[in-house]
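*Asks:* Sharing a structure, written as structure tokens. Questions coming.
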Number of protein chains: 2
Amino acid sequence: MKVVLGVSNRHVHLTKETYSKLFKEPLEVVKYLKQPGQFASNKFVTIKNGDKEISKVRIVGPFRKYDQVEISRTDSHYLKVDPPVRDSGDIKNSSPITLIGDDGKIYLNEGCIIANRHIHITPQELKQYHLENVKKVKIRIDGEKAGIIENVYLKIADSSSFELHLDTDDANAFNVKTEDKLEIIEMEEE
Amino acid sequence: MKVVLGVSNRHVHLTKETYSKLFKEPLEVVKYLKQPGQFASNKFVTIKNGDKEISKVRIVGPFRKYDQVEISRTDSHYLKVDPPVRDSGDIKNSSPITLIGDDGKIYLNEGCIIANRHIHITPQELKQYHLENVKKVKIRIDGEKAGIIENVYLKIADSSSFELHLDTDDANAFNVKTEDKLEIIEMEEE
């Protein structure tokens, strides 16, 4: 069974309130992503910790109920933060970070994470692929940088497109890219 | 069986001739590395392709018989080069790149690679660990970013220290660091 890959570069999700402290202009859609309703916006923030910062970090819309900054371990070494590997939305006691927009900046007490490896899937697809009761799977990758990626969680939602999300560290370690079709090899029951 | 990890950040190896075109001052030892005779030097180059460059890339000594630039896939995306995954020294038809030193610059027709995953080992250790006739092994990593790293080649030399070398992409994808002890799980015969 194969799943299409989408590589997630560093990005942020913001509440409407936080956004309004960082930007005066409205957030606009540049391109809709595979996951329904999600879009690459026209706005970027700088993320900062101490004297280290990374600019041009894209805001992914729409607005959410929480502020979340998703970075790679490579980014975290550079920024000297130590974020936990988490499911999106699970930000309690995650790393603090500062966001700088065109018109303001804000310090977040928590919100910086490394996103876990996951697959977006609908309940209908779960049945179709016989993945009911499966919590996570493994992905096998061939080639010179071959291997097996474990702890890939199934994220079930009615409105979703069947897609594997890996961060840039995982994608670069295994030399795979967005639109590659990767093999699911093993399921771990709940 | 466990092996200690050394994470290789991007670095360059130079011939004496190439070095002399880039620097007037002599190359000095800052710190000896685990592999006998190898050292982190006091000199850094900028590596450049088109209008993209990465500064502060350390020269690892001593001088070699060839010029070689070892970068990660993450670096290669940034620099817009597409180096092959290669054994150190196997640079034929690898990517061209420009090197800039304190006192000069040079364009290399080839020499930029992504180093393959490898373990330094002596013939004596090969016998001790029952790895004779083994060409490559797999490494198992636990934790939230668990998985299996394949195509880890054994590099046999009388003068070597038993050590696994991974680049920063592999290390960051699996959230491991220098001095971690990792498990060898499977051997592939020659």
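Chain identifiers are assigned as A, B, and so on, following the order in which chains appear in the structure tokens; residues are numbered from 1 within each chain, and ligands are numbered from 1 in order of appearance.
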Compile the residues of chain B that lie within 12 Å of chain A, evaluated using only C-alpha atoms, and express the compilation as a PyMOL selection string.
*Replies:* chain B and resi 9+71-78+82-87+114-118+136-153+166-177
*Asks:* Can you check which residues of chain A DSSP gives as strand (DSSP E) on the backbone and send them as a count of residues only?
*Replies:* 93
*Asks:* Might you pull out every residue within 10 Å of segment 51-56 of chain B, with only C-alpha atoms counted and same-chain residues fewer than 4 positions away left off, and present them as a PyMOL selection string?
*Replies:* chain B and resi 10-11+43-47+75+78-81+98-101
*Asks:* Might you pull out every residue within 12 Å of Asn133 of chain B, with only C-alpha atoms counted and same-chain residues fewer than 2 positions away left off, and present them as a list in words?
*Replies:*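 Everything that qualifies: Pro123, Leu126, Lys127, Tyr129, His130, Leu131, Lys135, Lys136, Val137, Tyr153, Leu154, Ile156, Met187, Glu188, Glu189 and Glu190 of chain B.
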*Asks:* Keeping C-alpha atoms, export the residues of the selection given above as a PDB file, in the first residue's frame.
*Replies:*
```
ATOM      1  CA  PRO B 123      40.441  -5.660  10.640  1.00  0.00           C
ATOM      2  CA  LEU B 126      35.923  -7.062  12.228  1.00  0.00           C
ATOM      3  CA  LYS B 127      37.022 -10.432  13.614  1.00  0.00           C
ATOM      4  CA  TYR B 129      32.565  -8.580  16.192  1.00  0.00           C
ATOM      5  CA  HIS B 130      32.215 -11.437  13.680  1.00  0.00           C
ATOM      6  CA  LEU B 131      31.746  -9.009  10.800  1.00  0.00           C
ATOM      7  CA  LYS B 135      29.778  -5.201   3.484  1.00  0.00           C
ATOM      8  CA  LYS B 136      27.132  -3.089   5.197  1.00  0.00           C
ATOM      9  CA  VAL B 137      24.872  -3.120   8.254  1.00  0.00           C
ATOM     10  CA  TYR B 153      29.020   0.663   4.935  1.00  0.00           C
ATOM     11  CA  LEU B 154      31.955  -0.814   6.840  1.00  0.00           C
ATOM     12  CA  ILE B 156      38.044  -1.066   7.126  1.00  0.00           C
ATOM     13  CA  MET B 187      24.482  -7.465   8.446  1.00  0.00           C
ATOM     14  CA  GLU B 188      24.402  -7.816   4.691  1.00  0.00           C
ATOM     15  CA  GLU B 189      27.024 -10.185   3.335  1.00  0.00           C
ATOM     16  CA  GLU B 190      29.192  -9.140   0.453  1.00  0.00           C
TER      17      GLU B 190
END
```
*Asks:* Asp103 of chain B: which residues within 10 Å, counting only C-alpha atoms, same-chain residues fewer than 3 positions away excluded, as a PyMOL selection string?
*Replies:* chain B and resi 19-25+100
*Asks:* May I have all residues of segment 80-190 of chain B that DSSP, computed from the backbone, assigns to alpha helix (DSSP H), given as a list in words?
*Replies:* Pro123, Gln124, Glu125, Leu126, Lys127, Gln128, Thr168, Asp169, Asp170, Ala171, Asn172 and Ala173 of chain B
*Asks:* Selected residues, N, CA, C and O atoms, written as a PDB file, in the first residue's frame, please.
*Replies:*
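File again_27.pdb, as written:
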```pdb
ATOM      1  N   PRO B 123      40.553  -4.230  10.945  1.00  0.00           N
ATOM      2  CA  PRO B 123      40.441  -5.660  10.640  1.00  0.00           C
ATOM      3  C   PRO B 123      40.316  -6.498  11.921  1.00  0.00           C
ATOM      4  O   PRO B 123      39.585  -7.498  11.934  1.00  0.00           O
ATOM      5  N   GLN B 124      41.005  -6.096  12.984  1.00  0.00           N
ATOM      6  CA  GLN B 124      40.925  -6.817  14.255  1.00  0.00           C
ATOM      7  C   GLN B 124      39.506  -6.755  14.823  1.00  0.00           C
ATOM      8  O   GLN B 124      38.965  -7.748  15.318  1.00  0.00           O
ATOM      9  N   GLU B 125      38.894  -5.561  14.758  1.00  0.00           N
ATOM     10  CA  GLU B 125      37.522  -5.420  15.270  1.00  0.00           C
ATOM     11  C   GLU B 125      36.517  -6.198  14.421  1.00  0.00           C
ATOM     12  O   GLU B 125      35.533  -6.722  14.937  1.00  0.00           O
ATOM     13  N   LEU B 126      36.782  -6.262  13.123  1.00  0.00           N
ATOM     14  CA  LEU B 126      35.923  -7.062  12.228  1.00  0.00           C
ATOM     15  C   LEU B 126      35.829  -8.493  12.737  1.00  0.00           C
ATOM     16  O   LEU B 126      34.735  -9.077  12.799  1.00  0.00           O
ATOM     17  N   LYS B 127      36.999  -9.059  13.096  1.00  0.00           N
ATOM     18  CA  LYS B 127      37.022 -10.432  13.614  1.00  0.00           C
ATOM     19  C   LYS B 127      36.330 -10.510  14.963  1.00  0.00           C
ATOM     20  O   LYS B 127      35.504 -11.389  15.221  1.00  0.00           O
ATOM     21  N   GLN B 128      36.678  -9.562  15.827  1.00  0.00           N
ATOM     22  CA  GLN B 128      36.130  -9.535  17.185  1.00  0.00           C
ATOM     23  C   GLN B 128      34.597  -9.495  17.181  1.00  0.00           C
ATOM     24  O   GLN B 128      33.943 -10.164  17.983  1.00  0.00           O
ATOM     25  N   THR B 168      24.259  15.338   9.256  1.00  0.00           N
ATOM     26  CA  THR B 168      23.319  16.048  10.129  1.00  0.00           C
ATOM     27  C   THR B 168      21.861  15.743   9.777  1.00  0.00           C
ATOM     28  O   THR B 168      21.008  15.740  10.660  1.00  0.00           O
ATOM     29  N   ASP B 169      21.565  15.464   8.495  1.00  0.00           N
ATOM     30  CA  ASP B 169      20.180  15.119   8.145  1.00  0.00           C
ATOM     31  C   ASP B 169      19.754  13.820   8.822  1.00  0.00           C
ATOM     32  O   ASP B 169      18.673  13.746   9.408  1.00  0.00           O
ATOM     33  N   ASP B 170      20.594  12.798   8.706  1.00  0.00           N
ATOM     34  CA  ASP B 170      20.263  11.530   9.358  1.00  0.00           C
ATOM     35  C   ASP B 170      20.150  11.714  10.879  1.00  0.00           C
ATOM     36  O   ASP B 170      19.211  11.218  11.506  1.00  0.00           O
ATOM     37  N   ALA B 171      21.123  12.392  11.457  1.00  0.00           N
ATOM     38  CA  ALA B 171      21.125  12.565  12.916  1.00  0.00           C
ATOM     39  C   ALA B 171      19.883  13.330  13.382  1.00  0.00           C
ATOM     40  O   ALA B 171      19.244  12.958  14.377  1.00  0.00           O
ATOM     41  N   ASN B 172      19.515  14.375  12.645  1.00  0.00           N
ATOM     42  CA  ASN B 172      18.375  15.188  13.073  1.00  0.00           C
ATOM     43  C   ASN B 172      17.041  14.495  12.815  1.00  0.00           C
ATOM     44  O   ASN B 172      16.106  14.641  13.592  1.00  0.00           O
ATOM     45  N   ALA B 173      16.958  13.719  11.732  1.00  0.00           N
ATOM     46  CA  ALA B 173      15.725  12.976  11.451  1.00  0.00           C
ATOM     47  C   ALA B 173      15.442  11.979  12.574  1.00  0.00           C
ATOM     48  O   ALA B 173      14.287  11.789  12.971  1.00  0.00           O
TER      49      ALA B 173
END
```
*Asks:* I'd like to know which of A:Val60, A:Val3, A:Ile97, A:Glu132 is closest to Gln38 of chain A, using only C-alpha atoms.
*Replies:*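 With only C-alpha atoms as the atom set, the closest residue is A:Val60.
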